[in-house]
>>> print(open('input-v3.txt').read())   # compact mmCIF, C-alpha atoms
# COMPACT_ATOMS: atom_id res chain seq x y z
CA MET X 23 106.55 79.63 78.00
CA ASN X 24 103.90 77.26 79.28
CA GLN X 25 101.70 78.09 82.25
CA LEU X 26 103.61 76.02 84.77
CA ASP X 27 106.92 77.53 83.71
CA LEU X 28 105.44 81.01 83.99
CA PHE X 29 104.21 80.24 87.46
CA VAL X 30 107.65 79.06 88.59
CA THR X 31 109.38 81.99 86.90
CA THR X 32 107.08 84.41 88.70
CA ALA X 33 107.69 82.71 92.06
CA LEU X 34 111.46 82.83 91.52
CA LYS X 35 111.33 86.52 90.63
CA SER X 36 109.46 87.16 93.83
CA TRP X 37 112.14 85.26 95.81
CA GLN X 38 114.94 87.13 94.03
CA LEU X 39 113.29 90.46 94.73
CA GLN X 40 113.24 89.78 98.46
CA VAL X 41 116.84 88.54 98.43
CA SER X 42 117.87 91.65 96.55
CA ARG X 43 116.04 93.92 98.99
CA ALA X 44 117.70 92.19 101.92
CA THR X 45 121.11 92.57 100.27
CA GLN X 46 120.50 96.27 99.72
CA THR X 47 119.41 96.64 103.32
CA PHE X 48 122.60 94.98 104.59
CA ASP X 49 124.78 96.90 102.15
CA LYS X 50 123.48 100.24 103.41
CA LEU X 51 124.97 99.49 106.81
CA THR X 52 128.67 99.71 107.66
CA ASP X 53 130.36 96.81 109.41
CA GLU X 54 130.04 98.72 112.67
CA GLN X 55 126.36 99.39 112.10
CA LEU X 56 125.73 95.67 111.68
CA TYR X 57 126.17 95.44 115.46
CA LEU X 58 123.19 97.73 116.07
CA GLU X 59 120.01 96.26 117.52
CA ILE X 60 116.78 96.29 115.50
CA ALA X 61 115.03 97.47 118.69
CA PRO X 62 116.15 97.86 122.29
CA GLY X 63 117.29 94.49 123.62
CA ARG X 64 116.40 92.66 120.39
CA ASN X 65 118.50 90.92 117.74
CA ARG X 66 121.43 92.72 116.21
CA VAL X 67 121.53 93.06 112.43
CA ILE X 68 124.64 90.90 112.21
CA TYR X 69 122.75 88.07 113.85
CA LEU X 70 119.96 88.39 111.28
CA LEU X 71 122.50 88.42 108.45
CA GLY X 72 123.97 85.15 109.72
CA HIS X 73 120.52 83.75 110.48
CA LEU X 74 119.13 84.41 107.00
CA THR X 75 122.29 82.98 105.45
CA ALA X 76 122.11 79.81 107.54
CA VAL X 77 118.39 79.36 106.86
CA HIS X 78 118.90 79.79 103.12
CA ASP X 79 121.85 77.39 103.23
CA HIS X 80 119.47 74.74 104.57
CA LEU X 81 117.52 74.96 101.32
CA PHE X 82 120.15 72.88 99.50
CA PRO X 83 119.48 69.66 101.43
CA LEU X 84 115.81 70.50 102.02
CA LEU X 85 115.11 70.77 98.29
CA GLY X 86 117.45 67.93 97.35
CA LEU X 87 119.98 70.26 95.71
CA GLY X 88 123.08 69.12 97.58
CA GLU X 89 124.94 69.78 100.80
CA ARG X 90 125.06 73.03 102.72
CA LEU X 91 127.89 75.42 101.88
CA HIS X 92 128.26 76.83 105.40
CA PRO X 93 127.20 74.26 108.01
CA GLU X 94 129.40 76.09 110.50
CA LEU X 95 126.75 78.84 110.71
CA GLU X 96 124.15 76.47 112.17
CA ARG X 97 125.26 76.70 115.78
CA ALA X 98 125.56 80.49 116.11
CA PHE X 99 122.63 81.54 113.94
CA ILE X 100 119.96 78.86 114.15
CA ARG X 101 120.43 76.87 117.33
CA THR X 102 121.39 79.83 119.47
CA PRO X 103 119.77 83.21 120.08
CA ASP X 104 121.80 86.36 119.56
CA ARG X 105 124.53 87.27 122.08
CA ARG X 106 125.15 83.68 123.23
CA VAL X 107 127.99 82.96 120.80
CA ASP X 108 131.04 85.18 120.98
CA PRO X 109 132.80 86.08 118.82
CA LEU X 110 130.53 85.82 115.80
CA PRO X 111 132.14 85.47 112.36
CA ALA X 112 133.38 88.81 111.03
CA PRO X 113 130.97 91.03 109.05
CA GLN X 114 132.76 90.51 105.74
CA VAL X 115 132.76 86.73 106.21
CA LEU X 116 128.99 86.83 106.68
CA ARG X 117 128.40 89.27 103.82
CA ASP X 118 130.35 86.94 101.51
CA ALA X 119 128.52 83.85 102.75
CA TRP X 120 125.17 85.57 102.21
CA ARG X 121 126.02 86.39 98.59
CA ASN X 122 127.57 83.01 97.94
CA VAL X 123 124.65 80.98 99.28
CA ASN X 124 122.06 83.01 97.38
CA ALA X 125 124.04 82.96 94.13
CA LYS X 126 124.47 79.18 94.29
CA LEU X 127 120.82 78.75 95.17
CA ASP X 128 119.82 80.80 92.15
CA ASP X 129 121.99 78.64 89.90
CA ALA X 130 120.38 75.51 91.30
CA PHE X 131 116.84 76.93 91.12
CA LEU X 132 117.21 77.88 87.47
CA LYS X 133 118.18 74.31 86.63
CA MET X 134 115.11 72.81 88.34
CA PRO X 135 112.37 71.78 85.92
CA ALA X 136 109.03 73.37 86.80
CA GLU X 137 107.52 70.00 87.75
CA ALA X 138 110.26 69.42 90.34
CA TRP X 139 108.93 72.34 92.38
CA LEU X 140 105.73 70.39 92.97
CA GLN X 141 107.55 67.35 94.33
CA ARG X 142 107.87 66.76 98.05
CA HIS X 143 110.73 68.27 99.96
CA THR X 144 113.07 66.03 101.93
CA GLN X 145 111.49 66.73 105.34
CA VAL X 146 108.06 65.33 104.46
CA SER X 147 107.43 61.59 104.18
CA GLU X 148 105.95 60.02 101.07
CA GLU X 149 102.92 59.02 103.14
CA ASP X 150 102.26 62.53 104.48
CA PHE X 151 102.84 64.01 101.06
CA GLN X 152 100.08 61.82 99.61
CA LYS X 153 97.67 63.42 102.06
CA GLU X 154 99.10 66.96 101.84
CA PRO X 155 100.47 67.53 98.33
CA HIS X 156 101.03 71.21 99.04
CA ARG X 157 104.01 70.25 101.24
CA ASN X 158 106.19 70.59 98.18
CA CYS X 159 109.34 72.45 97.20
CA ILE X 160 107.59 75.59 96.01
CA ASN X 161 105.85 75.83 99.37
CA VAL X 162 109.25 75.94 101.03
CA LEU X 163 110.28 78.72 98.66
CA PHE X 164 107.12 80.70 99.51
CA SER X 165 107.78 80.25 103.20
CA ARG X 166 111.38 81.41 102.95
CA THR X 167 110.38 84.37 100.77
CA ALA X 168 108.02 85.56 103.51
CA HIS X 169 110.77 84.88 106.07
CA ILE X 170 113.10 87.32 104.30
CA GLY X 171 110.36 89.94 104.34
CA TYR X 172 109.83 89.36 108.06
CA HIS X 173 113.43 90.20 108.88
CA ILE X 174 113.78 93.07 106.38
CA GLY X 175 110.82 94.66 108.16
CA GLN X 176 112.92 94.54 111.32
CA ILE X 177 116.26 95.63 109.90
CA VAL X 178 114.80 98.81 108.38
CA LEU X 179 113.98 99.91 111.92
CA VAL X 180 117.67 100.32 112.76
CA ARG X 181 118.66 103.91 113.42
CA ALA X 182 121.96 103.92 111.58
CA MET N 30 94.45 67.99 90.92
CA ASN N 31 96.49 69.13 87.95
CA GLN N 32 99.87 70.78 88.33
CA LEU N 33 98.67 74.33 87.79
CA ASP N 34 95.87 73.88 90.31
CA LEU N 35 98.35 72.48 92.83
CA PHE N 36 100.63 75.45 92.30
CA VAL N 37 97.81 77.93 92.91
CA THR N 38 96.53 75.98 95.93
CA THR N 39 100.01 76.03 97.45
CA ALA N 40 100.38 79.78 96.84
CA LEU N 41 96.99 80.44 98.42
CA LYS N 42 97.87 78.35 101.48
CA SER N 43 101.03 80.39 101.86
CA TRP N 44 98.99 83.62 101.70
CA GLN N 45 96.42 82.29 104.17
CA LEU N 46 99.18 81.25 106.57
CA GLN N 47 100.59 84.78 106.66
CA VAL N 48 97.12 86.32 107.08
CA SER N 49 96.43 83.91 109.90
CA ARG N 50 99.73 84.71 111.62
CA ALA N 51 99.01 88.42 111.34
CA THR N 52 95.53 87.91 112.80
CA GLN N 53 96.98 85.97 115.74
CA THR N 54 99.55 88.70 116.28
CA PHE N 55 96.86 91.40 116.40
CA ASP N 56 94.57 89.26 118.56
CA LYS N 57 97.25 88.83 121.21
CA LEU N 58 97.19 92.57 121.83
CA THR N 59 94.48 94.40 123.73
CA ASP N 60 92.86 97.47 122.22
CA GLU N 61 95.13 99.62 124.43
CA GLN N 62 98.24 97.71 123.33
CA LEU N 63 97.41 98.42 119.69
CA TYR N 64 98.55 101.98 120.40
CA LEU N 65 102.07 100.81 121.28
CA GLU N 66 104.93 101.58 118.90
CA ILE N 67 106.84 98.77 117.19
CA ALA N 68 110.05 100.63 118.09
CA PRO N 69 110.73 104.07 119.59
CA GLY N 70 109.24 106.74 117.34
CA ARG N 71 108.08 104.23 114.73
CA ASN N 72 104.64 103.14 113.57
CA ARG N 73 102.06 102.09 116.12
CA VAL N 74 100.47 98.66 115.73
CA ILE N 75 97.05 100.18 115.11
CA TYR N 76 98.48 101.98 112.09
CA LEU N 77 99.86 98.73 110.70
CA LEU N 78 96.50 97.01 111.28
CA GLY N 79 94.78 99.71 109.25
CA HIS N 80 97.59 99.77 106.69
CA LEU N 81 97.51 96.03 106.01
CA THR N 82 93.72 96.14 105.79
CA ALA N 83 93.77 99.02 103.31
CA VAL N 84 96.50 97.39 101.20
CA HIS N 85 94.61 94.10 101.08
CA ASP N 86 91.40 95.94 100.24
CA HIS N 87 93.16 97.28 97.16
CA LEU N 88 93.51 93.71 95.89
CA PHE N 89 89.85 93.65 94.83
CA PRO N 90 90.23 96.24 92.04
CA LEU N 91 93.87 95.31 91.35
CA LEU N 92 92.96 91.70 90.59
CA GLY N 93 89.68 92.57 88.88
CA LEU N 94 87.57 91.14 91.70
CA GLY N 95 85.38 94.16 92.34
CA GLU N 96 85.34 97.35 94.33
CA ARG N 97 87.09 97.99 97.64
CA LEU N 98 85.07 97.30 100.78
CA HIS N 99 86.67 100.08 102.87
CA PRO N 100 87.87 102.93 100.63
CA GLU N 101 87.63 105.20 103.69
CA LEU N 102 90.84 103.62 105.02
CA GLU N 103 92.93 104.90 102.12
CA ARG N 104 93.60 108.37 103.48
CA ALA N 105 94.67 107.46 107.01
CA PHE N 106 96.56 104.25 106.29
CA ILE N 107 98.09 104.49 102.83
CA ARG N 108 98.39 108.15 101.87
CA THR N 109 99.42 109.35 105.31
CA PRO N 110 102.12 108.23 107.75
CA ASP N 111 101.18 107.32 111.30
CA ARG N 112 100.17 110.10 113.74
CA ARG N 113 99.02 112.52 111.05
CA VAL N 114 95.35 111.53 111.12
CA ASP N 115 93.52 111.93 114.41
CA PRO N 116 91.42 110.25 115.53
CA LEU N 117 91.98 106.94 113.78
CA PRO N 118 89.05 104.53 113.49
CA ALA N 119 88.47 102.59 116.73
CA PRO N 120 90.40 99.32 117.28
CA GLN N 121 87.31 97.13 116.95
CA VAL N 122 86.32 98.83 113.70
CA LEU N 123 89.75 98.04 112.27
CA ARG N 124 89.82 94.49 113.63
CA ASP N 125 86.45 93.84 111.97
CA ALA N 126 87.56 95.41 108.70
CA TRP N 127 90.74 93.28 108.67
CA ARG N 128 88.74 90.07 109.08
CA ASN N 129 86.07 91.14 106.64
CA VAL N 130 88.48 92.10 103.85
CA ASN N 131 90.51 88.91 104.18
CA ALA N 132 87.45 86.67 104.36
CA LYS N 133 85.96 88.24 101.24
CA LEU N 134 89.29 88.02 99.45
CA ASP N 135 89.51 84.33 100.29
CA ASP N 136 86.03 83.76 98.87
CA ALA N 137 87.01 85.54 95.68
CA PHE N 138 90.39 83.80 95.41
CA LEU N 139 88.84 80.35 95.70
CA LYS N 140 86.54 81.14 92.79
CA MET N 141 89.38 82.20 90.49
CA PRO N 142 90.38 79.53 87.95
CA ALA N 143 94.09 78.71 88.11
CA GLU N 144 94.71 80.24 84.68
CA ALA N 145 93.29 83.58 85.82
CA TRP N 146 96.21 83.99 88.24
CA LEU N 147 98.55 84.17 85.27
CA GLN N 148 96.62 86.98 83.61
CA ARG N 149 97.75 90.58 83.94
CA HIS N 150 96.59 92.65 86.86
CA THR N 151 94.73 95.90 86.24
CA GLN N 152 97.74 98.19 86.81
CA VAL N 153 99.83 96.82 83.95
CA SER N 154 99.06 97.63 80.32
CA GLU N 155 98.52 94.95 77.72
CA GLU N 156 101.65 96.17 75.96
CA ASP N 157 103.89 95.96 79.02
CA PHE N 158 102.42 92.60 79.93
CA GLN N 159 103.46 91.19 76.56
CA LYS N 160 107.05 92.05 77.42
CA GLU N 161 106.87 91.10 81.11
CA PRO N 162 104.39 88.24 81.53
CA HIS N 163 105.36 87.79 85.18
CA ARG N 164 103.46 91.00 85.99
CA ASN N 165 100.43 88.85 86.63
CA CYS N 166 97.92 88.35 89.43
CA ILE N 167 99.89 85.66 91.24
CA ASN N 168 102.87 88.01 91.37
CA VAL N 169 100.72 90.52 93.21
CA LEU N 170 99.71 87.79 95.66
CA PHE N 171 103.38 86.88 96.24
CA SER N 172 104.23 90.51 96.82
CA ARG N 173 101.44 91.03 99.34
CA THR N 174 102.28 87.78 101.11
CA ALA N 175 105.83 89.05 101.70
CA HIS N 176 104.36 92.41 102.74
CA ILE N 177 102.40 90.75 105.55
CA GLY N 178 105.58 89.02 106.73
CA TYR N 179 107.40 92.37 106.70
CA HIS N 180 104.95 93.93 109.11
CA ILE N 181 104.49 90.85 111.32
CA GLY N 182 108.26 90.95 111.84
CA GLN N 183 107.79 94.46 113.18
CA ILE N 184 104.69 93.88 115.30
CA VAL N 185 106.28 90.99 117.20
CA LEU N 186 108.84 93.49 118.53
CA VAL N 187 106.17 95.26 120.59
CA ARG N 188 106.76 94.93 124.32
CA ALA N 189 103.19 94.35 125.40
>>> encode(input="input-v3.txt", output="structure tokens")
Amino acid sequence: MNQLDLFVTTALKSWQLQVSRATQTFDKLTDEQLYLEIAPGRNRVIYLLGHLTAVHDHLFPLLGLGERLHPELERAFIRTPDRRVDPLPAPQVLRDAWRNVNAKLDDAFLKMPAEAWLQRHTQVSEEDFQKEPHRNCINVLFSRTAHIGYHIGQIVLVRA
Amino acid sequence: MNQLDLFVTTALKSWQLQVSRATQTFDKLTDEQLYLEIAPGRNRVIYLLGHLTAVHDHLFPLLGLGERLHPELERAFIRTPDRRVDPLPAPQVLRDAWRNVNAKLDDAFLKMPAEAWLQRHTQVSEEDFQKEPHRNCINVLFSRTAHIGYHIGQIVLVRA
């Protein structure tokens, strides 16, 4: 394995570890417990499940890997704060979407050549990318990896 | 900039972004507010400030960059849960330690050649590293970057 491949492999393992921790965190909770708040008056776990799924789904177009699988999640889980959309999709629907999006992302990631991770993502212009070459695909992966951690840190606070 | 350098630069920017967000999150709180809990009965912010500082301080020996700057933080913030050590160091002492550790880490990181990030860290044996070459220094950086996100996600829940 060359150095660039090893770098990408390590970054992907780090992403997968966070996804797997999030999945375990969701799986520990019953469907009823998904409606618990992470803290008084704050987001409910089910909102964060939908939110993480919708954010990850955006990675397909953002990284040039295709269309989103669940564009219907955008309105309730990205554009709108928790408790404004009622009813939310059922727990099992969201659990399945979460697994589906991450599995398909993994398939797509493993097919990406290492060099492709250093190319610009679709939300940065060619001109800006010339000036800021770190606005690349792997940077998006790093950002979303930290984003998972951010919400896991909140979900573990739930008193189930 | 070659591809490996660009990869490392991007990873370091991602780390620095999380450190900077954590710093802003701590700076928004007064010394008194640092004693607030992130959720009822959970860790206080001051504990997480000390905890993140102590964990980052461990990166010096872990990545072969030298000795820790604040080994005295180990007992209160890594070995012990919150509220078991009294008194904790004063807020300003911890704020200074947080900045100092991260600034010195940044200096050391910027001096590391890109290839060094793919070498094993000091807690993995040469034998294990042969089998699992992703147990390298950049993997530790990824892990700690996600760890910052985990605790920022908690600290933002404080009702200051």
>>> interface_residues(input="input-v3.txt", of="chain N", to="chain X", cutoff="9 Å", atoms="only C-alpha atoms", output="ChimeraX atom specification")
/N:32-33,35-40,42-44,47,67-69,71,144,146-147,162-165,167-168,171-172,174-183,186
>>> atom_distance(input="input-v3.txt", atom1="CA of Leu91 (chain N)", atom2="CA of His150 (chain N)")
5.9 Å
>>> residues_around(input="input-v3.txt", residues="Pro90 (chain N)", least_positions_apart="5", cutoff="10 Å", atoms="all atoms listed in the file", output="list in words")
Gly95, Glu96, Arg97, His150, Thr151 and Gln152 of chain N
>>> closest_residue(input="input-v3.txt", among="X:Leu56, X:Leu110, X:Ala138, X:Leu71", to="Leu87 (chain X)", atoms="all atoms listed in the file")
X:Ala138
>>> calpha_fit_and_write(input="input-v3.txt", fixed="chain X", moving="chain N", output="tab-separated table (two decimals) with C-alpha atoms, in the frame of the given file")
chain	number	residue	atom	x	y	z
N	30	MET	CA	106.52	79.62	77.98
N	31	ASN	CA	103.89	77.24	79.29
N	32	GLN	CA	101.70	78.08	82.25
N	33	LEU	CA	103.61	76.02	84.79
N	34	ASP	CA	106.91	77.52	83.68
N	35	LEU	CA	105.43	81.01	83.97
N	36	PHE	CA	104.20	80.25	87.47
N	37	VAL	CA	107.63	79.05	88.59
N	38	THR	CA	109.38	81.99	86.90
N	39	THR	CA	107.08	84.42	88.70
N	40	ALA	CA	107.69	82.71	92.06
N	41	LEU	CA	111.45	82.82	91.52
N	42	LYS	CA	111.34	86.52	90.62
N	43	SER	CA	109.45	87.16	93.84
N	44	TRP	CA	112.13	85.27	95.81
N	45	GLN	CA	114.94	87.11	94.01
N	46	LEU	CA	113.29	90.46	94.72
N	47	GLN	CA	113.24	89.78	98.46
N	48	VAL	CA	116.85	88.53	98.43
N	49	SER	CA	117.87	91.63	96.55
N	50	ARG	CA	116.04	93.92	98.98
N	51	ALA	CA	117.70	92.18	101.91
N	52	THR	CA	121.12	92.56	100.26
N	53	GLN	CA	120.52	96.28	99.72
N	54	THR	CA	119.42	96.64	103.33
N	55	PHE	CA	122.60	94.98	104.60
N	56	ASP	CA	124.79	96.90	102.15
N	57	LYS	CA	123.50	100.24	103.41
N	58	LEU	CA	124.99	99.49	106.82
N	59	THR	CA	128.67	99.70	107.65
N	60	ASP	CA	130.37	96.81	109.40
N	61	GLU	CA	130.05	98.74	112.69
N	62	GLN	CA	126.35	99.40	112.10
N	63	LEU	CA	125.74	95.67	111.68
N	64	TYR	CA	126.19	95.44	115.45
N	65	LEU	CA	123.20	97.73	116.07
N	66	GLU	CA	120.00	96.26	117.51
N	67	ILE	CA	116.77	96.30	115.50
N	68	ALA	CA	115.01	97.47	118.68
N	69	PRO	CA	116.15	97.84	122.30
N	70	GLY	CA	117.30	94.47	123.61
N	71	ARG	CA	116.40	92.65	120.39
N	72	ASN	CA	118.49	90.91	117.75
N	73	ARG	CA	121.43	92.72	116.22
N	74	VAL	CA	121.54	93.04	112.43
N	75	ILE	CA	124.66	90.90	112.22
N	76	TYR	CA	122.73	88.06	113.84
N	77	LEU	CA	119.95	88.37	111.28
N	78	LEU	CA	122.51	88.41	108.44
N	79	GLY	CA	123.96	85.15	109.72
N	80	HIS	CA	120.51	83.75	110.47
N	81	LEU	CA	119.12	84.40	107.00
N	82	THR	CA	122.28	82.97	105.45
N	83	ALA	CA	122.10	79.81	107.55
N	84	VAL	CA	118.37	79.35	106.86
N	85	HIS	CA	118.89	79.77	103.12
N	86	ASP	CA	121.84	77.39	103.23
N	87	HIS	CA	119.47	74.76	104.58
N	88	LEU	CA	117.51	74.96	101.32
N	89	PHE	CA	120.15	72.89	99.52
N	90	PRO	CA	119.47	69.66	101.44
N	91	LEU	CA	115.79	70.51	102.02
N	92	LEU	CA	115.11	70.78	98.29
N	93	GLY	CA	117.45	67.94	97.35
N	94	LEU	CA	119.98	70.26	95.73
N	95	GLY	CA	123.06	69.11	97.60
N	96	GLU	CA	124.94	69.77	100.79
N	97	ARG	CA	125.05	73.04	102.73
N	98	LEU	CA	127.88	75.42	101.86
N	99	HIS	CA	128.28	76.83	105.40
N	100	PRO	CA	127.21	74.25	108.01
N	101	GLU	CA	129.42	76.11	110.50
N	102	LEU	CA	126.76	78.83	110.71
N	103	GLU	CA	124.16	76.49	112.18
N	104	ARG	CA	125.25	76.72	115.79
N	105	ALA	CA	125.55	80.49	116.11
N	106	PHE	CA	122.63	81.54	113.93
N	107	ILE	CA	119.94	78.88	114.13
N	108	ARG	CA	120.43	76.87	117.32
N	109	THR	CA	121.39	79.84	119.47
N	110	PRO	CA	119.77	83.23	120.09
N	111	ASP	CA	121.79	86.39	119.56
N	112	ARG	CA	124.55	87.28	122.06
N	113	ARG	CA	125.15	83.71	123.21
N	114	VAL	CA	127.99	82.96	120.79
N	115	ASP	CA	131.06	85.16	121.00
N	116	PRO	CA	132.79	86.07	118.84
N	117	LEU	CA	130.53	85.82	115.81
N	118	PRO	CA	132.14	85.47	112.38
N	119	ALA	CA	133.40	88.82	111.03
N	120	PRO	CA	130.96	91.02	109.06
N	121	GLN	CA	132.76	90.51	105.75
N	122	VAL	CA	132.76	86.74	106.21
N	123	LEU	CA	128.99	86.82	106.69
N	124	ARG	CA	128.39	89.25	103.84
N	125	ASP	CA	130.35	86.95	101.52
N	126	ALA	CA	128.52	83.86	102.75
N	127	TRP	CA	125.13	85.56	102.21
N	128	ARG	CA	125.99	86.39	98.59
N	129	ASN	CA	127.57	83.03	97.95
N	130	VAL	CA	124.64	80.98	99.29
N	131	ASN	CA	122.05	83.00	97.38
N	132	ALA	CA	124.03	82.96	94.14
N	133	LYS	CA	124.47	79.19	94.30
N	134	LEU	CA	120.81	78.73	95.17
N	135	ASP	CA	119.82	80.80	92.16
N	136	ASP	CA	122.00	78.64	89.91
N	137	ALA	CA	120.38	75.52	91.29
N	138	PHE	CA	116.84	76.94	91.13
N	139	LEU	CA	117.20	77.88	87.47
N	140	LYS	CA	118.17	74.31	86.64
N	141	MET	CA	115.12	72.80	88.35
N	142	PRO	CA	112.36	71.78	85.92
N	143	ALA	CA	109.01	73.37	86.79
N	144	GLU	CA	107.52	70.00	87.75
N	145	ALA	CA	110.26	69.43	90.33
N	146	TRP	CA	108.93	72.35	92.39
N	147	LEU	CA	105.74	70.39	92.97
N	148	GLN	CA	107.56	67.36	94.33
N	149	ARG	CA	107.87	66.78	98.06
N	150	HIS	CA	110.74	68.29	99.96
N	151	THR	CA	113.08	66.05	101.93
N	152	GLN	CA	111.49	66.72	105.34
N	153	VAL	CA	108.07	65.31	104.47
N	154	SER	CA	107.45	61.58	104.17
N	155	GLU	CA	105.96	60.02	101.07
N	156	GLU	CA	102.94	59.03	103.14
N	157	ASP	CA	102.27	62.51	104.48
N	158	PHE	CA	102.84	64.00	101.06
N	159	GLN	CA	100.09	61.82	99.60
N	160	LYS	CA	97.67	63.42	102.05
N	161	GLU	CA	99.09	66.96	101.83
N	162	PRO	CA	100.47	67.53	98.33
N	163	HIS	CA	101.05	71.22	99.04
N	164	ARG	CA	104.02	70.24	101.23
N	165	ASN	CA	106.19	70.59	98.17
N	166	CYS	CA	109.35	72.45	97.20
N	167	ILE	CA	107.59	75.59	96.00
N	168	ASN	CA	105.85	75.84	99.36
N	169	VAL	CA	109.25	75.94	101.03
N	170	LEU	CA	110.28	78.73	98.65
N	171	PHE	CA	107.12	80.70	99.51
N	172	SER	CA	107.79	80.25	103.19
N	173	ARG	CA	111.39	81.43	102.96
N	174	THR	CA	110.40	84.37	100.77
N	175	ALA	CA	108.03	85.57	103.51
N	176	HIS	CA	110.77	84.89	106.06
N	177	ILE	CA	113.11	87.33	104.30
N	178	GLY	CA	110.36	89.96	104.34
N	179	TYR	CA	109.85	89.36	108.07
N	180	HIS	CA	113.44	90.20	108.87
N	181	ILE	CA	113.80	93.06	106.37
N	182	GLY	CA	110.85	94.67	108.15
N	183	GLN	CA	112.92	94.52	111.32
N	184	ILE	CA	116.26	95.62	109.90
N	185	VAL	CA	114.81	98.79	108.37
N	186	LEU	CA	113.98	99.92	111.93
N	187	VAL	CA	117.68	100.30	112.76
N	188	ARG	CA	118.65	103.90	113.43
N	189	ALA	CA	121.96	103.93	111.61
>>> residues_around(input="input-v3.txt", residues="Ala105 (chain N)", least_positions_apart="2", cutoff="9 Å", atoms="only C-alpha atoms", output="list in words")
Tyr76, Gly79, His80, Glu101, Leu102, Glu103, Ile107, Arg108, Thr109, Pro110, Asp111, Arg113, Val114, Asp115 and Leu117 of chain N
>>> closest_residue(input="input-v3.txt", among="X:Leu34, X:Ala182, X:Val146, X:Leu51", to="Asp129 (chain X)", atoms="only C-alpha atoms")
X:Leu34
>>> closest_residue(input="input-v3.txt", among="X:Phe151, X:Tyr57, X:Phe82, X:Phe131", to="Ala112 (chain X)", atoms="all atoms listed in the file")
X:Tyr57
>>> closest_residue(input="input-v3.txt", among="N:Gln159, N:Gln62, N:Thr82, N:Asn31", to="Ala132 (chain N)", atoms="only C-alpha atoms")
N:Thr82
>>> residues_around(input="input-v3.txt", residues="Asp56 (chain N)", least_positions_apart="4", cutoff="12 Å", atoms="all atoms listed in the file", output="compact mmCIF listing (two decimals) with C-alpha atoms, keeping the file's coordinate frame")
# COMPACT_ATOMS: atom_id res chain seq x y z
CA SER N 49 96.43 83.91 109.90
CA ARG N 50 99.73 84.71 111.62
CA ALA N 51 99.01 88.42 111.34
CA THR N 52 95.53 87.91 112.80
CA ASP N 60 92.86 97.47 122.22
CA GLU N 61 95.13 99.62 124.43
CA GLN N 62 98.24 97.71 123.33
CA LEU N 63 97.41 98.42 119.69
CA VAL N 74 100.47 98.66 115.73
CA ILE N 75 97.05 100.18 115.11
CA LEU N 78 96.50 97.01 111.28
CA PRO N 120 90.40 99.32 117.28
CA GLN N 121 87.31 97.13 116.95
CA LEU N 123 89.75 98.04 112.27
CA ARG N 124 89.82 94.49 113.63
CA ASP N 125 86.45 93.84 111.97
CA TRP N 127 90.74 93.28 108.67
CA ARG N 128 88.74 90.07 109.08
CA ILE N 184 104.69 93.88 115.30
CA VAL N 185 106.28 90.99 117.20
>>> atom_distance(input="input-v3.txt", atom1="CA of Gln45 (chain N)", atom2="CA of Pro100 (chain N)")
22.6 Å
>>> atom_distance(input="input-v3.txt", atom1="CA of Leu88 (chain N)", atom2="CA of Lys160 (chain N)")
23.0 Å
>>> axis_aligned_box(input="input-v3.txt", around="region 155-166 of chain N", padding_each_side="8 Å", output="JSON")
{"center_x": 102.5, "center_y": 92.0, "center_z": 82.7, "size_x": 25.1, "size_y": 24.4, "size_z": 29.5}
